[in-house]
Structure formats: C-alpha cells, structure tokens
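Text of coords_39.pdb, listed as PDB, C-alpha atoms, pLDDT in the B column:
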ATOM      1  CA  GLN A1482     -81.553  61.398-143.487  1.00 55.00           C
ATOM      2  CA  ALA A1483     -77.939  60.374-143.842  1.00 51.00           C
ATOM      3  CA  ALA A1484     -77.118  63.884-145.044  1.00 51.00           C
ATOM      4  CA  ARG A1485     -78.872  65.337-142.017  1.00 51.00           C
ATOM      5  CA  ARG A1486     -76.892  63.072-139.676  1.00 49.00           C
ATOM      6  CA  HIS A1487     -73.721  64.085-141.468  1.00 52.00           C
ATOM      7  CA  LYS A1488     -74.469  67.769-141.026  1.00 52.00           C
ATOM      8  CA  SER A1489     -75.403  67.225-137.393  1.00 53.00           C
ATOM      9  CA  THR A1490     -72.123  65.386-136.823  1.00 50.00           C
ATOM     10  CA  GLN A1491     -70.197  68.202-138.475  1.00 56.00           C
ATOM     11  CA  ALA A1492     -72.024  70.733-136.323  1.00 58.00           C
ATOM     12  CA  SER A1493     -71.215  68.734-133.196  1.00 57.00           C
ATOM     13  CA  LEU A1494     -67.550  68.657-134.123  1.00 59.00           C
ATOM     14  CA  ARG A1495     -67.577  72.430-134.496  1.00 69.00           C
ATOM     15  CA  GLY A1496     -69.014  72.755-130.997  1.00 74.00           C
ATOM     16  CA  TRP A1497     -72.700  73.465-131.719  1.00 73.00           C
ATOM     17  CA  HIS A1498     -75.127  71.423-129.758  1.00 68.00           C
ATOM     18  CA  CYS A1499     -78.333  72.802-132.097  1.00 66.00           C
ATOM     19  CA  ARG A1500     -99.362 125.328-121.918  1.00 38.00           C
ATOM     20  CA  PRO A1501    -101.221 128.391-120.524  1.00 41.00           C
ATOM     21  CA  PHE A1502    -100.896 129.137-116.810  1.00 37.00           C
ATOM     22  CA  ALA A1503    -103.437 127.096-114.825  1.00 42.00           C
ATOM     23  CA  PRO A1504    -105.265 128.275-111.704  1.00 45.00           C
ATOM     24  CA  PRO A1505    -103.501 127.183-108.499  1.00 44.00           C
ATOM     25  CA  ARG A1506    -106.121 124.579-107.611  1.00 48.00           C
ATOM     26  CA  CYS A1507    -105.878 122.948-111.031  1.00 45.00           C
ATOM     27  CA  THR A1508    -102.096 123.109-110.888  1.00 45.00           C
ATOM     28  CA  ALA A1509    -102.011 121.404-107.511  1.00 50.00           C
ATOM     29  CA  MET A1510    -104.335 118.672-108.736  1.00 51.00           C
ATOM     30  CA  ALA A1511    -102.234 118.180-111.845  1.00 45.00           C
ATOM     31  CA  LEU A1512     -99.089 117.901-109.761  1.00 43.00           C
ATOM     32  CA  ARG A1513    -100.708 115.280-107.547  1.00 57.00           C
ATOM     33  CA  LEU A1514    -101.740 113.278-110.610  1.00 47.00           C
ATOM     34  CA  VAL A1515     -98.220 113.492-112.027  1.00 41.00           C
ATOM     35  CA  ALA A1516     -96.776 112.333-108.713  1.00 46.00           C
ATOM     36  CA  LEU A1517     -99.167 109.394-108.560  1.00 47.00           C
ATOM     37  CA  ALA A1518     -98.345 108.431-112.136  1.00 51.00           C
ATOM     38  CA  ALA A1519     -94.631 108.601-111.396  1.00 46.00           C
ATOM     39  CA  LEU A1520     -95.090 106.449-108.298  1.00 47.00           C
ATOM     40  CA  GLY A1521     -97.052 103.890-110.304  1.00 49.00           C
ATOM     41  CA  ALA A1522     -94.372 103.802-112.978  1.00 44.00           C
ATOM     42  CA  ALA A1523     -91.650 103.347-110.364  1.00 42.00           C
ATOM     43  CA  GLN A1524     -93.531 100.449-108.817  1.00 52.00           C
ATOM     44  CA  ALA A1525     -94.415  98.768-112.117  1.00 61.00           C
ATOM     45  CA  THR A1526     -92.759  95.421-112.668  1.00 71.00           C
ATOM     46  CA  PRO A1527     -90.605  95.373-115.821  1.00 88.00           C
ATOM     47  CA  ALA A1528     -91.571  92.788-118.394  1.00 94.00           C
ATOM     48  CA  PRO A1529     -89.523  89.601-117.996  1.00 97.00           C
ATOM     49  CA  VAL A1530     -87.159  88.914-120.875  1.00 98.00           C
ATOM     50  CA  PHE A1531     -87.456  85.668-122.807  1.00 98.00           C
ATOM     51  CA  ASP A1532     -83.942  85.415-124.223  1.00 98.00           C
ATOM     52  CA  TYR A1533     -83.923  82.752-126.933  1.00 98.00           C
ATOM     53  CA  THR A1534     -80.840  81.815-128.945  1.00 98.00           C
ATOM     54  CA  PHE A1535     -81.809  79.768-131.980  1.00 98.00           C
ATOM     55  CA  GLY A1536     -80.307  77.901-134.894  1.00 98.00           C
ATOM     56  CA  ALA A1537     -82.073  78.539-138.195  1.00 98.00           C
ATOM     57  CA  ASN A1538     -81.620  74.920-139.263  1.00 97.00           C
ATOM     58  CA  CYS A1539     -81.350  73.185-135.892  1.00 96.00           C
ATOM     59  CA  PRO A1540     -83.745  70.190-135.708  1.00 96.00           C
ATOM     60  CA  PHE A1541     -84.464  70.760-132.024  1.00 97.00           C
ATOM     61  CA  CYS A1542     -85.107  74.455-132.646  1.00 97.00           C
ATOM     62  CA  LYS A1543     -87.624  73.500-135.336  1.00 96.00           C
ATOM     63  CA  GLU A1544     -89.367  71.259-132.827  1.00 97.00           C
ATOM     64  CA  PHE A1545     -89.281  74.051-130.247  1.00 98.00           C
ATOM     65  CA  GLY A1546     -91.019  76.362-132.730  1.00 97.00           C
ATOM     66  CA  THR A1547     -94.348  74.740-131.838  1.00 97.00           C
ATOM     67  CA  THR A1548     -93.777  75.485-128.149  1.00 98.00           C
ATOM     68  CA  LEU A1549     -92.682  79.049-128.872  1.00 98.00           C
ATOM     69  CA  LYS A1550     -95.838  79.636-130.914  1.00 98.00           C
ATOM     70  CA  LYS A1551     -98.076  78.215-128.185  1.00 98.00           C
ATOM     71  CA  LEU A1552     -96.290  80.170-125.462  1.00 98.00           C
ATOM     72  CA  ASN A1553     -96.496  83.450-127.371  1.00 98.00           C
ATOM     73  CA  ALA A1554    -100.210  82.854-128.029  1.00 97.00           C
ATOM     74  CA  ALA A1555    -101.038  82.127-124.365  1.00 98.00           C
ATOM     75  CA  ASP A1556    -103.423  84.665-122.858  1.00 98.00           C
ATOM     76  CA  GLY A1557    -101.590  87.969-122.341  1.00 97.00           C
ATOM     77  CA  ILE A1558     -98.070  86.582-122.686  1.00 98.00           C
ATOM     78  CA  ALA A1559     -97.129  88.373-125.925  1.00 97.00           C
ATOM     79  CA  ALA A1560     -97.912  91.740-124.306  1.00 97.00           C
ATOM     80  CA  ALA A1561     -96.392  90.911-120.913  1.00 97.00           C
ATOM     81  CA  VAL A1562     -93.070  89.429-122.047  1.00 98.00           C
ATOM     82  CA  ASP A1563     -90.101  90.869-123.925  1.00 98.00           C
ATOM     83  CA  PHE A1564     -89.250  88.173-126.472  1.00 98.00           C
ATOM     84  CA  ASN A1565     -85.619  88.595-127.480  1.00 97.00           C
ATOM     85  CA  LEU A1566     -84.517  86.294-130.295  1.00 98.00           C
ATOM     86  CA  ARG A1567     -80.850  85.986-131.245  1.00 97.00           C
ATOM     87  CA  ALA A1568     -79.069  83.847-133.802  1.00 98.00           C
ATOM     88  CA  ALA A1569     -76.410  81.326-132.842  1.00 98.00           C
ATOM     89  CA  ILE A1570     -73.660  82.537-135.185  1.00 98.00           C
ATOM     90  CA  ARG A1571     -69.946  82.974-134.658  1.00 98.00           C
ATOM     91  CA  GLY A1572     -66.620  82.746-136.426  1.00 96.00           C
ATOM     92  CA  ALA A1573     -65.439  85.118-139.122  1.00 94.00           C
ATOM     93  CA  ALA A1574     -66.719  86.361-142.472  1.00 94.00           C
ATOM     94  CA  PRO A1575     -67.409  85.013-144.948  1.00 94.00           C
ATOM     95  CA  ALA A1576     -67.315  81.525-143.423  1.00 95.00           C
ATOM     96  CA  TRP A1577     -69.694  82.217-140.547  1.00 97.00           C
ATOM     97  CA  ASP A1578     -70.434  79.184-138.397  1.00 97.00           C
ATOM     98  CA  CYS A1579     -74.002  78.270-137.390  1.00 98.00           C
ATOM     99  CA  PRO A1580     -75.423  74.972-136.078  1.00 97.00           C
ATOM    100  CA  ASP A1581     -76.460  72.526-138.814  1.00 97.00           C
ATOM    101  CA  GLU A1582     -75.752  75.008-141.629  1.00 97.00           C
ATOM    102  CA  ASP A1583     -73.249  75.308-144.431  1.00 96.00           C
ATOM    103  CA  ASP A1584     -70.387  77.764-143.984  1.00 95.00           C
ATOM    104  CA  GLY A1585     -71.648  81.311-144.362  1.00 97.00           C
ATOM    105  CA  CYS A1586     -74.958  80.517-142.620  1.00 98.00           C
ATOM    106  CA  PRO A1587     -77.294  81.170-145.582  1.00 97.00           C
ATOM    107  CA  MET A1588     -80.417  80.220-143.624  1.00 98.00           C
ATOM    108  CA  THR A1589     -79.558  82.449-140.693  1.00 98.00           C
ATOM    109  CA  LYS A1590     -79.014  85.284-143.139  1.00 98.00           C
ATOM    110  CA  TYR A1591     -82.590  84.994-144.406  1.00 98.00           C
ATOM    111  CA  VAL A1592     -83.935  85.069-140.857  1.00 98.00           C
ATOM    112  CA  LEU A1593     -81.821  88.080-139.896  1.00 98.00           C
ATOM    113  CA  CYS A1594     -82.895  89.942-143.029  1.00 98.00           C
ATOM    114  CA  ALA A1595     -86.536  89.166-142.256  1.00 98.00           C
ATOM    115  CA  PHE A1596     -86.064  90.464-138.719  1.00 98.00           C
ATOM    116  CA  SER A1597     -84.666  93.686-140.175  1.00 97.00           C
ATOM    117  CA  ALA A1598     -87.925  94.164-142.116  1.00 97.00           C
ATOM    118  CA  LYS A1599     -90.170  93.666-139.077  1.00 96.00           C
ATOM    119  CA  LYS A1600     -92.885  96.143-138.149  1.00 94.00           C
ATOM    120  CA  ASP A1601     -92.538  95.254-134.457  1.00 94.00           C
ATOM    121  CA  LYS A1602     -90.963  92.570-132.268  1.00 93.00           C
ATOM    122  CA  GLN A1603     -94.006  90.338-132.604  1.00 96.00           C
ATOM    123  CA  ASP A1604     -93.081  89.882-136.257  1.00 98.00           C
ATOM    124  CA  GLU A1605     -89.827  88.228-135.173  1.00 98.00           C
ATOM    125  CA  VAL A1606     -91.648  85.565-133.185  1.00 98.00           C
ATOM    126  CA  ASP A1607     -94.231  85.054-135.929  1.00 98.00           C
ATOM    127  CA  PHE A1608     -91.597  84.791-138.650  1.00 98.00           C
ATOM    128  CA  MET A1609     -89.496  82.386-136.591  1.00 98.00           C
ATOM    129  CA  THR A1610     -92.404  80.048-135.876  1.00 98.00           C
ATOM    130  CA  CYS A1611     -93.517  80.168-139.521  1.00 98.00           C
ATOM    131  CA  TRP A1612     -89.955  79.414-140.616  1.00 98.00           C
ATOM    132  CA  ASP A1613     -89.683  76.470-138.220  1.00 97.00           C
ATOM    133  CA  GLU A1614     -92.964  74.977-139.444  1.00 97.00           C
ATOM    134  CA  SER A1615     -92.009  75.036-143.120  1.00 97.00           C
ATOM    135  CA  THR A1616     -90.194  72.275-144.963  1.00 95.00           C
ATOM    136  CA  ALA A1617     -89.635  74.325-148.127  1.00 97.00           C
ATOM    137  CA  SER A1618     -86.270  75.585-149.356  1.00 96.00           C
ATOM    138  CA  PRO A1619     -84.795  78.522-147.426  1.00 96.00           C
ATOM    139  CA  ALA A1620     -85.679  81.106-150.081  1.00 97.00           C
ATOM    140  CA  SER A1621     -89.177  79.720-150.577  1.00 98.00           C
ATOM    141  CA  LYS A1622     -90.098  79.627-146.925  1.00 98.00           C
ATOM    142  CA  ALA A1623     -88.525  83.011-146.280  1.00 98.00           C
ATOM    143  CA  GLN A1624     -90.732  84.458-149.017  1.00 98.00           C
ATOM    144  CA  SER A1625     -93.926  82.684-147.963  1.00 98.00           C
ATOM    145  CA  CYS A1626     -93.462  83.644-144.297  1.00 98.00           C
ATOM    146  CA  ALA A1627     -92.665  87.247-145.243  1.00 98.00           C
ATOM    147  CA  GLU A1628     -95.764  87.477-147.421  1.00 98.00           C
ATOM    148  CA  GLN A1629     -97.894  85.882-144.719  1.00 97.00           C
ATOM    149  CA  LEU A1630     -96.748  88.584-142.268  1.00 97.00           C
ATOM    150  CA  LYS A1631     -96.914  91.348-144.903  1.00 97.00           C
ATOM    151  CA  LEU A1632     -93.191  92.038-144.676  1.00 98.00           C
ATOM    152  CA  ASP A1633     -91.315  93.523-147.625  1.00 98.00           C
ATOM    153  CA  TRP A1634     -90.055  90.441-149.442  1.00 98.00           C
ATOM    154  CA  ALA A1635     -88.176  92.465-152.076  1.00 98.00           C
ATOM    155  CA  ALA A1636     -86.193  94.172-149.313  1.00 98.00           C
ATOM    156  CA  ILE A1637     -85.542  90.881-147.518  1.00 98.00           C
ATOM    157  CA  SER A1638     -84.390  89.174-150.710  1.00 98.00           C
ATOM    158  CA  ALA A1639     -82.074  92.076-151.591  1.00 98.00           C
ATOM    159  CA  CYS A1640     -80.684  92.024-148.044  1.00 98.00           C
ATOM    160  CA  ALA A1641     -79.920  88.298-148.208  1.00 98.00           C
ATOM    161  CA  ALA A1642     -78.221  88.672-151.588  1.00 97.00           C
ATOM    162  CA  GLY A1643     -76.109  91.708-150.793  1.00 96.00           C
ATOM    163  CA  ALA A1644     -73.918  93.617-148.397  1.00 97.00           C
ATOM    164  CA  GLU A1645     -76.724  94.286-145.918  1.00 98.00           C
ATOM    165  CA  GLY A1646     -77.103  90.581-145.215  1.00 98.00           C
ATOM    166  CA  ALA A1647     -73.369  90.223-144.611  1.00 97.00           C
ATOM    167  CA  ALA A1648     -73.475  93.212-142.254  1.00 98.00           C
ATOM    168  CA  ARG A1649     -76.393  91.736-140.331  1.00 98.00           C
ATOM    169  CA  GLU A1650     -74.552  88.454-139.919  1.00 98.00           C
ATOM    170  CA  ALA A1651     -71.513  90.316-138.601  1.00 98.00           C
ATOM    171  CA  ALA A1652     -73.677  92.261-136.135  1.00 98.00           C
ATOM    172  CA  ALA A1653     -75.425  89.080-134.986  1.00 98.00           C
ATOM    173  CA  ALA A1654     -72.086  87.291-134.518  1.00 98.00           C
ATOM    174  CA  LEU A1655     -70.795  90.184-132.433  1.00 98.00           C
ATOM    175  CA  ALA A1656     -73.982  90.144-130.358  1.00 98.00           C
ATOM    176  CA  PHE A1657     -73.594  86.410-129.799  1.00 98.00           C
ATOM    177  CA  VAL A1658     -69.997  86.516-128.557  1.00 97.00           C
ATOM    178  CA  THR A1659     -70.782  89.606-126.471  1.00 97.00           C
ATOM    179  CA  ARG A1660     -73.665  87.768-124.812  1.00 97.00           C
ATOM    180  CA  PHE A1661     -71.711  84.513-124.518  1.00 97.00           C
ATOM    181  CA  PRO A1662     -67.988  85.401-124.462  1.00 97.00           C
ATOM    182  CA  GLU A1663     -67.111  81.956-123.140  1.00 96.00           C
ATOM    183  CA  HIS A1664     -68.618  80.398-126.268  1.00 96.00           C
ATOM    184  CA  LYS A1665     -66.573  81.992-129.016  1.00 94.00           C
ATOM    185  CA  THR A1666     -65.625  78.393-129.665  1.00 93.00           C
ATOM    186  CA  GLY A1667     -66.570  75.063-128.164  1.00 93.00           C
ATOM    187  CA  ARG A1668     -69.819  73.423-127.204  1.00 93.00           C
ATOM    188  CA  PHE A1669     -73.020  75.502-127.220  1.00 95.00           C
ATOM    189  CA  GLY A1670     -76.474  73.940-127.311  1.00 95.00           C
ATOM    190  CA  VAL A1671     -79.514  75.328-129.098  1.00 97.00           C
ATOM    191  CA  PRO A1672     -82.247  76.108-128.382  1.00 97.00           C
ATOM    192  CA  HIS A1673     -80.735  78.102-125.511  1.00 98.00           C
ATOM    193  CA  ILE A1674     -83.230  79.939-123.293  1.00 98.00           C
ATOM    194  CA  TYR A1675     -82.990  82.377-120.394  1.00 98.00           C
ATOM    195  CA  ILE A1676     -85.984  83.895-118.612  1.00 98.00           C
ATOM    196  CA  GLY A1677     -85.328  86.896-116.423  1.00 96.00           C
ATOM    197  CA  GLY A1678     -81.627  86.128-116.668  1.00 96.00           C
ATOM    198  CA  VAL A1679     -82.018  82.537-115.455  1.00 97.00           C
ATOM    199  CA  GLU A1680     -81.070  79.696-117.804  1.00 98.00           C
ATOM    200  CA  GLN A1681     -83.950  77.296-118.377  1.00 98.00           C
ATOM    201  CA  PRO A1682     -83.101  73.590-118.257  1.00 97.00           C
ATOM    202  CA  ASN A1683     -86.593  72.550-119.376  1.00 98.00           C
ATOM    203  CA  HIS A1684     -88.025  73.736-122.687  1.00 97.00           C
ATOM    204  CA  ASP A1685     -91.557  72.365-122.493  1.00 98.00           C
ATOM    205  CA  TYR A1686     -94.528  74.737-122.564  1.00 98.00           C
ATOM    206  CA  GLN A1687     -95.625  74.404-118.942  1.00 97.00           C
ATOM    207  CA  SER A1688     -92.118  74.821-117.519  1.00 98.00           C
ATOM    208  CA  LEU A1689     -91.476  77.952-119.567  1.00 98.00           C
ATOM    209  CA  LEU A1690     -94.906  79.439-118.810  1.00 98.00           C
ATOM    210  CA  SER A1691     -94.356  78.844-115.089  1.00 98.00           C
ATOM    211  CA  ALA A1692     -90.937  80.493-115.300  1.00 98.00           C
ATOM    212  CA  LEU A1693     -92.380  83.545-117.069  1.00 98.00           C
ATOM    213  CA  CYS A1694     -95.140  83.881-114.482  1.00 97.00           C
ATOM    214  CA  ALA A1695     -92.635  83.503-111.651  1.00 96.00           C
ATOM    215  CA  ALA A1696     -90.419  86.145-113.281  1.00 97.00           C
ATOM    216  CA  GLY A1697     -93.268  88.652-113.084  1.00 96.00           C
ATOM    217  CA  ALA A1698     -95.306  88.287-116.274  1.00 97.00           C
ATOM    218  CA  GLU A1699     -98.717  89.799-115.601  1.00 95.00           C
ATOM    219  CA  ALA A1700    -100.883  87.797-117.981  1.00 97.00           C
ATOM    220  CA  GLY A1701    -104.138  85.897-117.969  1.00 97.00           C
ATOM    221  CA  ALA A1702    -102.203  82.709-118.648  1.00 98.00           C
ATOM    222  CA  CYS A1703    -100.623  83.137-115.215  1.00 97.00           C
ATOM    223  CA  GLY A1704    -104.033  82.830-113.569  1.00 88.00           C
ATOM    224  CA  GLY A1705    -103.833  86.319-112.128  1.00 52.00           C
ATOM    225  CA  GLU A1706    -101.293  85.180-109.564  1.00 46.00           C
ATOM    226  CA  VAL A1707     -97.746  86.452-109.977  1.00 44.00           C
ATOM    227  CA  VAL A1708     -95.026  84.929-107.826  1.00 42.00           C
ATOM    228  CA  GLN A1709     -91.743  86.844-107.768  1.00 42.00           C
ATOM    229  CA  LEU A1710     -88.553  84.794-107.758  1.00 37.00           C
TER     230      LEU A1710
END
So that I can check it, write out the structure of this file as structure tokens.
Amino acid sequence: QAARRHKSTQASLRGWHCRPFAPPRCTAMALRLVALAALGAAQATPAPVFDYTFGANCPFCKEFGTTLKKLNAADGIAAAVDFNLRAAIRGAAPAWDCPDEDDGCPMTKYVLCAFSAKKDKQDEVDFMTCWDESTASPASKAQSCAEQLKLDWAAISACAAGAEGAAREAAAALAFVTRFPEHKTGRFGVPHIYIGGVEQPNHDYQSLLSALCAAGAEAGACGGEVVQL
C-alpha cells in the first residue's frame, strides 16, 4: 500500500491525475430505391463517440472498468456507440511517462499490443475491462485476457518484447499530444471521458448512459427515446 501511495505521489508530481441493361420500368424503380437509400443514409444519425483516455495502472481507471463493462453491455449500446480508447502516454522514448507506471510504461505497452491484435473494436473494450478486473502481474493478465478473447498471445508477447511495442507506444504518445496539445506536460486526470465531443464531469453509469442517449445513441437502453443535445 505504501508503494502504491509512493507511485501515486510520483505520478501526481509528473502531472498525471490517473450489370445487363434493365428495362426502363425496372431502371426507374431501381433509381427510386437508390435515391431513397441515399436519403436515409444522409438522414441517419452518426454513432456518438465515447472517447476514453485511460491509464493502464491507474487505480481510478481500474474502478471505472466495472462501469465501462456495464455500459458496453447495456441493451444496444455496443452497436450504437463508437468506443474509442486511447492511452494516457507522453514524453519521449524510451522513458515514456504514464500515470502510476514505471518509466517506459510497460503495462501500457501490453495493452497497446493487445489492441493491435484485436479482431474488432469490441475486443478493445473487452480486453480493457478484463485487464482492469485482474490483479495478476502485467504479463499474466495480458496473457489470460488475450486467451479469454481468443487473441494471438504469441503475437502480443512478441510485440511487447520488441520494436513493434516501442513503435506502438510512440504512435499512442503522438495521438495523445495531438488530441490534447495543452497536456504535453502538466496536470491531466484519468479516466478522462468525452461523449460526442463533450467532456463528462460524472463517470457513473447512469450519467454516462444518459449522455450517450442524449448524444444520439439509438439503443434499447435509451428506452427508445433519443434526445438530441
């Protein structure tokens, strides 16, 4: 516990806060159908983006993992929302800086390598929540979560041990400072969540679900009533 407080203090000091021709009649009908489809597509509401910046060893992010899992499992939300997960990582190689991690961000590297092995974006959410639930060592929980999701553990392990992992950390760090240019240094709290481009001050399940529904998520969990902001 003392070690955890020490790491949290260090993190705080660094600024982290955790075909054929158709007859005319058929052609005309086809054109009308195409026009209707195009109109429907134009009127369709884009999926709201759940933009979540996490720390791979942040205590509050681990606690939030339960909420993320519940939110993602709510009726229709996984299909109606674009979950975008990004690592809180900055600084310079090889001494990358991440909240509550040793220099080099070894835990974040495992997560990024697992993300690179995903079959689809849902795997990112599932891996992250599995990772947050585990109390095992980084390598052990990375392997168990990968195997649970049927991800290629050999590829993930090789990534974390080699140049690919370093490259993924560099790309994630660039993405972080591009998204948050004012936070290249200084205070930045995790978990950090935006929905539809709006920063969320409350991270409880009901507040986030309400924000997703208000941002246009068309899901059963929204009760069939969508309120646009």
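Nearest-residue note for A:Asp1604: choosing from A:Lys1550, A:Lys1543, A:Arg1571, A:Lys1590, the minimum distance belongs to A:Lys1550, counting all atoms listed in the file.
When all atoms listed in the file are used to measure the gap to A:Gly1496, the shortest distance among A:Thr1589, A:Ser1597, A:Gln1603, A:Thr1666 belongs to A:Thr1666.
Taking atom CA of A:Lys1665 and atom CA of A:Ala1651 as endpoints, the distance between them is 13.6 Å.
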Next item on the list: Name the residues that the PyMOL selection byres ((chain A and resi 1673) around 9) picks from the file above, as an MDAnalysis selection string, using the file's chain letters and numbers.
Entry: chainID A and resid 1499 1532:1535 1669:1672 1674:1675 1680:1682 1684
Using all atoms of stretch 1556-1572 of chain A listed in the file and a margin of 4 Å per side, can you give the axis-aligned box centre and edge lengths in Å to one decimal, as JSON?
{"center_x": -85.0, "center_y": 86.5, "center_z": -128.7, "size_x": 44.8, "size_y": 18.4, "size_z": 23.5}
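Using all atoms listed in the file for every distance, the candidate list A:Gly1557, A:Pro1580, A:Pro1619, A:Gly1646 yields A:Gly1646 as the residue closest to A:Phe1596.
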Check: Between A:Asp1578, A:Glu1628, A:Glu1544, A:Asp1563, which has the minimum distance to A:Ala1653 (counting only C-alpha atoms)?
Finding: A:Asp1578
Just add all heavy atoms to stretch 1590-1599 of chain A and send it as a PDB file, in the coordinates of the input.
ATOM      1  N   LYS A1590     -78.992  83.985-142.464  1.00 98.00           N
ATOM      2  CA  LYS A1590     -79.014  85.284-143.139  1.00 98.00           C
ATOM      3  C   LYS A1590     -80.441  85.666-143.533  1.00 98.00           C
ATOM      4  O   LYS A1590     -80.858  86.818-143.369  1.00 98.00           O
ATOM      5  CB  LYS A1590     -78.116  85.267-144.376  1.00 98.00           C
ATOM      6  CG  LYS A1590     -77.956  86.648-145.021  1.00 98.00           C
ATOM      7  CD  LYS A1590     -77.179  86.583-146.324  1.00 98.00           C
ATOM      8  CE  LYS A1590     -75.740  86.181-146.105  1.00 98.00           C
ATOM      9  NZ  LYS A1590     -74.943  86.279-147.367  1.00 98.00           N
ATOM     10  N   TYR A1591     -81.194  84.709-144.060  1.00 98.00           N
ATOM     11  CA  TYR A1591     -82.590  84.994-144.406  1.00 98.00           C
ATOM     12  C   TYR A1591     -83.392  85.431-143.178  1.00 98.00           C
ATOM     13  O   TYR A1591     -84.176  86.378-143.232  1.00 98.00           O
ATOM     14  CB  TYR A1591     -83.256  83.765-145.032  1.00 98.00           C
ATOM     15  CG  TYR A1591     -83.096  83.674-146.523  1.00 98.00           C
ATOM     16  CD1 TYR A1591     -82.417  82.608-147.106  1.00 98.00           C
ATOM     17  CD2 TYR A1591     -83.644  84.639-147.370  1.00 98.00           C
ATOM     18  CE1 TYR A1591     -82.271  82.504-148.482  1.00 98.00           C
ATOM     19  CE2 TYR A1591     -83.502  84.553-148.753  1.00 98.00           C
ATOM     20  CZ  TYR A1591     -82.819  83.478-149.303  1.00 98.00           C
ATOM     21  OH  TYR A1591     -82.680  83.389-150.668  1.00 98.00           O
ATOM     22  N   VAL A1592     -83.195  84.737-142.079  1.00 98.00           N
ATOM     23  CA  VAL A1592     -83.935  85.069-140.857  1.00 98.00           C
ATOM     24  C   VAL A1592     -83.552  86.470-140.366  1.00 98.00           C
ATOM     25  O   VAL A1592     -84.420  87.280-140.010  1.00 98.00           O
ATOM     26  CB  VAL A1592     -83.688  84.021-139.760  1.00 98.00           C
ATOM     27  CG1 VAL A1592     -84.357  84.441-138.453  1.00 98.00           C
ATOM     28  CG2 VAL A1592     -84.202  82.654-140.194  1.00 98.00           C
ATOM     29  N   LEU A1593     -82.273  86.766-140.346  1.00 98.00           N
ATOM     30  CA  LEU A1593     -81.821  88.080-139.896  1.00 98.00           C
ATOM     31  C   LEU A1593     -82.347  89.196-140.803  1.00 98.00           C
ATOM     32  O   LEU A1593     -82.737  90.266-140.321  1.00 98.00           O
ATOM     33  CB  LEU A1593     -80.294  88.121-139.848  1.00 98.00           C
ATOM     34  CG  LEU A1593     -79.623  87.212-138.808  1.00 98.00           C
ATOM     35  CD1 LEU A1593     -78.116  87.231-138.984  1.00 98.00           C
ATOM     36  CD2 LEU A1593     -80.011  87.631-137.390  1.00 98.00           C
ATOM     37  N   CYS A1594     -82.379  88.938-142.097  1.00 98.00           N
ATOM     38  CA  CYS A1594     -82.895  89.942-143.029  1.00 98.00           C
ATOM     39  C   CYS A1594     -84.397  90.136-142.840  1.00 98.00           C
ATOM     40  O   CYS A1594     -84.911  91.248-142.945  1.00 98.00           O
ATOM     41  CB  CYS A1594     -82.582  89.546-144.469  1.00 98.00           C
ATOM     42  SG  CYS A1594     -80.839  89.781-144.925  1.00 98.00           S
ATOM     43  N   ALA A1595     -85.106  89.052-142.538  1.00 98.00           N
ATOM     44  CA  ALA A1595     -86.536  89.166-142.256  1.00 98.00           C
ATOM     45  C   ALA A1595     -86.770  89.961-140.977  1.00 98.00           C
ATOM     46  O   ALA A1595     -87.675  90.810-140.912  1.00 98.00           O
ATOM     47  CB  ALA A1595     -87.162  87.778-142.138  1.00 98.00           C
ATOM     48  N   PHE A1596     -85.947  89.701-139.972  1.00 98.00           N
ATOM     49  CA  PHE A1596     -86.064  90.464-138.719  1.00 98.00           C
ATOM     50  C   PHE A1596     -85.854  91.958-138.976  1.00 98.00           C
ATOM     51  O   PHE A1596     -86.486  92.807-138.347  1.00 98.00           O
ATOM     52  CB  PHE A1596     -85.046  89.973-137.695  1.00 98.00           C
ATOM     53  CG  PHE A1596     -85.395  88.658-137.029  1.00 98.00           C
ATOM     54  CD1 PHE A1596     -86.494  87.919-137.423  1.00 98.00           C
ATOM     55  CD2 PHE A1596     -84.591  88.159-136.016  1.00 98.00           C
ATOM     56  CE1 PHE A1596     -86.812  86.707-136.811  1.00 98.00           C
ATOM     57  CE2 PHE A1596     -84.891  86.950-135.395  1.00 98.00           C
ATOM     58  CZ  PHE A1596     -86.001  86.223-135.789  1.00 98.00           C
ATOM     59  N   SER A1597     -84.955  92.274-139.896  1.00 97.00           N
ATOM     60  CA  SER A1597     -84.666  93.686-140.175  1.00 97.00           C
ATOM     61  C   SER A1597     -85.849  94.383-140.837  1.00 97.00           C
ATOM     62  O   SER A1597     -85.943  95.606-140.815  1.00 97.00           O
ATOM     63  CB  SER A1597     -83.430  93.808-141.068  1.00 97.00           C
ATOM     64  OG  SER A1597     -83.718  93.424-142.405  1.00 97.00           O
ATOM     65  N   ALA A1598     -86.757  93.594-141.436  1.00 97.00           N
ATOM     66  CA  ALA A1598     -87.925  94.164-142.116  1.00 97.00           C
ATOM     67  C   ALA A1598     -89.162  94.176-141.227  1.00 97.00           C
ATOM     68  O   ALA A1598     -90.253  94.528-141.675  1.00 97.00           O
ATOM     69  CB  ALA A1598     -88.208  93.372-143.391  1.00 97.00           C
ATOM     70  N   LYS A1599     -89.014  93.782-139.978  1.00 96.00           N
ATOM     71  CA  LYS A1599     -90.170  93.666-139.077  1.00 96.00           C
ATOM     72  C   LYS A1599     -90.834  95.008-138.818  1.00 96.00           C
ATOM     73  O   LYS A1599     -90.204  96.061-138.855  1.00 96.00           O
ATOM     74  CB  LYS A1599     -89.736  93.059-137.746  1.00 96.00           C
ATOM     75  CG  LYS A1599     -88.844  93.976-136.894  1.00 96.00           C
ATOM     76  CD  LYS A1599     -88.447  93.297-135.602  1.00 96.00           C
ATOM     77  CE  LYS A1599     -87.638  94.216-134.695  1.00 96.00           C
ATOM     78  NZ  LYS A1599     -86.295  94.484-135.254  1.00 96.00           N
TER      79      LYS A1599
END
